[in-house]
>>> print(open('my_file-v2.cif').read())   # mmCIF, C-alpha atoms
data_upload
loop_
_atom_site.label_atom_id
_atom_site.label_comp_id
_atom_site.auth_asym_id
_atom_site.auth_seq_id
_atom_site.Cartn_x
_atom_site.Cartn_y
_atom_site.Cartn_z
CA MET A 1 106.27 -37.28 96.59
CA VAL A 2 106.06 -34.27 94.28
CA THR A 3 102.42 -34.93 93.41
CA TYR A 4 101.51 -35.22 97.10
CA ARG A 5 103.07 -31.82 97.82
CA LEU A 6 101.42 -30.36 94.75
CA GLN A 7 98.04 -31.68 95.89
CA ILE A 8 98.49 -30.09 99.32
CA ILE A 9 99.51 -26.76 97.76
CA LEU A 10 96.52 -26.86 95.39
CA LEU A 11 94.19 -27.66 98.29
CA ILE A 12 95.54 -24.71 100.31
CA VAL A 13 95.14 -22.39 97.29
CA LEU A 14 91.58 -23.65 96.69
CA VAL A 15 90.57 -23.13 100.34
CA THR A 16 92.13 -19.64 100.36
CA VAL A 17 90.42 -18.61 97.12
CA SER A 18 87.03 -19.90 98.27
CA SER A 19 87.42 -18.08 101.62
CA ILE A 20 88.22 -14.83 99.82
CA ALA A 21 85.27 -15.29 97.45
CA ALA A 22 82.90 -15.98 100.37
CA ALA A 23 84.14 -12.88 102.23
CA GLN A 24 83.62 -10.74 99.12
CA THR A 25 80.10 -12.15 98.66
CA ASP A 26 79.30 -11.35 102.33
CA ARG A 27 80.67 -7.80 101.90
CA VAL A 28 78.51 -7.24 98.79
CA ALA A 29 75.35 -8.41 100.61
CA VAL A 30 76.10 -6.14 103.59
CA ASP A 31 76.78 -3.18 101.27
CA GLN A 32 73.52 -3.81 99.38
CA ALA A 33 71.57 -3.97 102.64
CA ILE A 34 73.11 -0.67 103.79
CA TYR A 35 72.32 0.96 100.45
CA GLY A 36 68.68 -0.19 100.66
CA PHE A 37 68.46 1.05 104.24
CA GLU A 38 69.88 4.48 103.38
CA LYS A 39 67.39 4.88 100.52
CA ALA A 40 64.52 4.29 102.97
CA LEU A 41 65.59 6.67 105.76
CA PRO A 42 62.72 8.89 106.91
CA GLN A 43 62.95 12.64 106.49
CA GLY A 44 65.20 14.23 109.11
CA TRP A 45 67.29 11.10 109.65
CA ARG A 46 70.82 10.74 108.25
CA VAL A 47 73.92 8.57 108.62
CA ILE A 48 76.62 10.42 110.55
CA GLU A 49 79.15 7.63 111.07
CA ARG A 50 80.20 4.41 109.36
CA GLN A 51 82.59 1.96 111.03
CA LEU A 52 83.97 -1.12 109.28
CA ASP A 53 84.99 -4.35 111.05
CA ALA A 54 82.42 -3.84 113.80
CA VAL A 55 80.65 -6.25 116.13
CA PRO A 56 77.29 -5.43 117.78
CA TYR A 57 77.65 -3.66 121.12
CA GLY A 58 77.79 -6.16 123.97
CA HIS A 59 78.25 -9.21 121.74
CA HIS A 60 81.40 -11.17 122.52
CA PHE A 61 81.87 -8.93 125.55
CA CYS A 62 83.73 -11.61 127.48
CA ASP A 63 85.68 -13.34 124.72
CA ASP A 64 88.41 -12.59 122.21
CA TYR A 65 86.29 -12.63 119.05
CA ARG A 66 88.05 -13.17 115.71
CA GLY A 67 85.16 -14.21 113.47
CA PRO A 68 83.24 -12.36 110.75
CA LYS A 69 82.61 -8.67 111.31
CA GLY A 70 80.31 -6.14 109.70
CA THR A 71 79.57 -2.44 109.41
CA LYS A 72 78.22 -0.20 112.15
CA LEU A 73 76.13 2.82 111.21
CA ILE A 74 75.12 5.64 113.51
CA VAL A 75 71.98 7.35 112.27
CA ILE A 76 70.91 10.63 113.84
CA GLY A 77 67.34 11.88 114.01
CA PRO A 78 65.77 15.32 114.25
CA GLU A 79 64.61 15.30 117.88
CA PRO A 80 66.73 16.87 120.63
CA VAL A 81 67.60 14.94 123.78
CA GLN A 82 68.04 16.62 127.15
CA VAL A 83 70.43 15.65 129.87
CA VAL A 84 69.31 16.22 133.45
CA TRP A 85 72.12 17.20 135.76
CA THR A 86 72.66 18.41 139.28
CA SER A 87 74.99 21.37 139.67
CA LEU A 88 77.66 21.52 142.34
CA SER A 89 75.32 23.79 144.35
CA GLY A 90 72.51 21.16 144.19
CA GLU A 91 70.30 22.76 141.51
CA THR A 92 68.65 20.35 139.03
CA ILE A 93 68.98 21.55 135.43
CA SER A 94 67.85 20.17 132.04
CA THR A 95 70.05 20.98 129.06
CA THR A 96 69.62 20.00 125.42
CA LEU A 97 72.93 18.39 124.65
CA ALA A 98 72.23 15.61 122.14
CA LYS A 99 69.97 14.26 119.40
CA GLU A 100 68.15 10.98 119.12
CA SER A 101 69.97 8.26 117.21
CA LEU A 102 70.07 4.62 116.23
CA GLU A 103 73.13 2.41 116.28
CA LEU A 104 72.87 -0.31 113.63
CA TRP A 105 75.12 -3.25 112.81
CA PHE A 106 74.91 -4.84 109.36
CA MET A 107 76.56 -8.24 109.67
CA PRO A 108 77.29 -11.09 107.23
CA SER A 109 74.83 -13.96 107.43
CA ASN A 110 77.38 -16.30 109.05
CA TYR A 111 77.85 -13.97 112.05
CA ARG A 112 76.82 -15.36 115.45
CA ASP A 113 76.96 -14.03 119.00
CA SER A 114 78.96 -16.01 121.52
CA GLN A 115 77.37 -19.32 122.52
CA ALA A 116 78.68 -18.81 126.04
CA ALA A 117 77.27 -15.26 126.28
CA TRP A 118 74.98 -16.27 129.15
CA LEU A 119 78.11 -16.85 131.25
CA CYS A 120 79.14 -13.21 130.83
CA LEU A 121 77.15 -11.74 133.70
CA HIS A 122 78.39 -8.16 133.27
CA ARG A 123 77.37 -7.89 129.61
CA PRO A 124 75.42 -4.72 128.75
CA ILE A 125 71.87 -4.81 127.36
CA GLN A 126 72.06 -6.27 123.88
CA PRO A 127 70.87 -4.64 120.66
CA VAL A 128 67.76 -6.22 119.14
CA ALA A 129 67.90 -8.49 116.11
CA ILE A 130 66.04 -6.62 113.36
CA LEU A 131 66.59 -8.98 110.44
CA GLU A 132 68.10 -12.45 110.10
CA ASP A 133 68.22 -13.07 106.37
CA LEU A 134 70.14 -15.62 104.30
CA SER A 135 72.50 -12.86 103.16
CA VAL A 136 72.64 -10.37 106.06
CA VAL A 137 71.88 -10.03 109.77
CA ILE A 138 70.99 -6.61 111.24
CA PHE A 139 71.06 -5.55 114.90
CA GLY A 140 70.08 -2.18 116.32
CA ARG A 141 69.51 -0.12 119.42
CA PRO A 142 68.17 3.38 120.09
CA SER A 143 70.61 5.85 121.56
CA HIS A 144 71.60 9.52 121.53
CA GLN A 145 74.54 11.40 120.06
CA LEU A 146 76.16 14.45 121.60
CA ASN A 147 75.83 17.73 119.72
CA SER A 148 79.21 18.89 121.02
CA LYS A 149 81.92 17.02 122.91
CA THR A 150 83.23 20.36 124.16
CA ALA A 151 79.86 21.27 125.70
CA TRP A 152 79.67 17.79 127.26
CA LEU A 153 83.14 18.07 128.80
CA GLU A 154 82.28 21.54 130.12
CA LEU A 155 79.08 20.22 131.71
CA LEU A 156 81.05 17.44 133.42
CA THR A 157 83.11 20.08 135.26
CA LYS A 158 79.91 21.69 136.62
CA ALA A 159 77.87 18.61 137.52
CA GLN A 160 77.79 16.30 140.49
CA ALA A 161 75.17 13.97 138.98
CA ILE A 162 73.99 13.29 135.41
CA SER A 163 71.13 11.27 133.93
CA TRP A 164 69.55 10.82 130.51
CA PRO A 165 65.85 10.07 131.20
CA GLU A 166 64.85 11.48 127.78
CA SER A 167 67.35 9.37 125.83
CA PRO A 168 65.93 6.65 123.57
CA ALA A 169 68.70 4.46 125.00
CA ASN A 170 66.90 4.55 128.35
CA ASP A 171 63.30 4.83 127.12
CA ARG A 172 62.62 3.40 123.66
CA SER A 173 59.30 5.28 123.49
CA LYS A 174 61.29 8.55 123.24
CA ILE A 175 62.47 7.89 119.69
CA SER A 176 60.50 9.76 117.01
CA TRP A 177 60.91 6.94 114.46
CA SER A 178 58.55 4.69 116.41
CA ASN A 179 58.45 1.69 114.05
CA TRP A 180 62.13 1.74 113.07
CA GLU A 181 62.64 -2.01 113.46
CA GLN A 182 59.84 -2.93 111.08
CA ASP A 183 60.70 -0.16 108.59
CA ILE A 184 64.34 -1.24 108.42
CA ARG A 185 63.42 -4.91 108.06
CA VAL A 186 60.96 -4.22 105.22
CA ALA A 187 63.26 -1.79 103.38
CA VAL A 188 66.27 -4.10 103.47
CA GLN A 189 64.30 -7.22 102.52
CA LYS A 190 62.74 -5.33 99.61
CA TRP A 191 66.14 -4.15 98.42
CA LEU A 192 67.79 -7.59 98.76
CA GLN A 193 65.03 -9.18 96.65
CA LYS A 194 65.87 -6.93 93.66
#
>>> encode(input="my_file-v2.cif", output="structure tokens")
Amino acid sequence: MVTYRLQIILLIVLVTVSSIAAAQTDRVAVDQAIYGFEKALPQGWRVIERQLDAVPYGHHFCDDYRGPKGTKLIVIGPEPVQVVWTSLSGETISTTLAKESLELWFMPSNYRDSQAAWLCLHRPIQPVAILEDLSVVIFGRPSHQLNSKTAWLELLTKAQAISWPESPANDRSKISWSNWEQDIRVAVQKWLQK
């Protein structure tokens, strides 16, 4: 009876230790991929935000996801982005209020989107898969980042309609880093092979 209990306890300890070791290995691979990516950023681009325990935007939108998570980076570029808005008096105005950006998710290799995602009809447009490697998976999408939340909130009090036709989120050709997907893929693969 004692040996049976001891075997169960040892099995639980072994499973726990191997899970912790696997999670640490995944974290190291993700960190290495991020480091390689940051070393290859083009001039004028920089990381402005890093969020741990992230899931790509729109993935698992309709489920309660509890699986592996990764790191989200927001990278801002040099080009300004204008918002087009209609004032309360009906005048159409363009105002530079943001900068181009990329949102990137560096995920462990065992990360997967929901298999039932196609049933979630109100899911937003998904980020693109940039790299699916044995050690890391990377997703990304062009976007824009506000220069000032205060200026944005002030504009909202003066506008009756707002649109972002110049945002890379709405028109991928507007991003100045035109081959970002390929550049990121090559840089990270090169770094992971070291």
>>> resolve_selection(input="my_file-v2.cif", expression="the PyMOL selection byres ((chain A and resi 102) around 10)", output="list in words")
Trp45, Val47, Leu73, Ile74, Val75, Ile76, Gly77, Glu100, Ser101, Glu103, Leu104, Trp105, Gly140, Arg141, Pro142, Ser143, His144, Gln145, Pro168, Ala169, Ile175, Trp177 and Trp180 of chain A
>>> residues_around(input="my_file-v2.cif", residues="region 133-138 of chain A", least_positions_apart="2", cutoff="10 Å", atoms="all atoms listed in the file", output="ChimeraX atom specification")
/A:25-34,56,70-72,104-112,127-131,140,181,184-185,188-189,192
>>> atom_distance(input="my_file-v2.cif", atom1="CA of Glu49 (chain A)", atom2="CA of Val84 (chain A)")
25.9 Å
>>> atom_distance(input="my_file-v2.cif", atom1="CA of Ile162 (chain A)", atom2="CA of Arg50 (chain A)")
28.2 Å
>>> atom_distance(input="my_file-v2.cif", atom1="CA of Pro42 (chain A)", atom2="CA of Ser167 (chain A)")
19.5 Å
>>> closest_residue(input="my_file-v2.cif", among="A:Pro124, A:Gln193, A:Glu132, A:Lys69", to="Leu52 (chain A)", atoms="all atoms listed in the file")
A:Lys69
>>> closest_residue(input="my_file-v2.cif", among="A:Pro78, A:Ala151, A:Leu119, A:Thr96", to="Gly44 (chain A)", atoms="all atoms listed in the file")
A:Pro78
>>> closest_residue(input="my_file-v2.cif", among="A:Gln82, A:Leu97, A:Gly36, A:Ser178", to="Trp152 (chain A)", atoms="all atoms listed in the file")
A:Leu97
>>> closest_residue(input="my_file-v2.cif", among="A:Ser173, A:Ala187, A:Ala40, A:Lys158", to="Glu91 (chain A)", atoms="only C-alpha atoms")
A:Lys158
>>> resolve_selection(input="my_file-v2.cif", expression="the PyMOL selection byres ((chain A and resi 59) around 8)", output="list of chain:residue names")
A:Val55, A:Pro56, A:Tyr57, A:Gly58, A:His60, A:Phe61, A:Asp113, A:Ser114, A:Ala117, A:Gln126
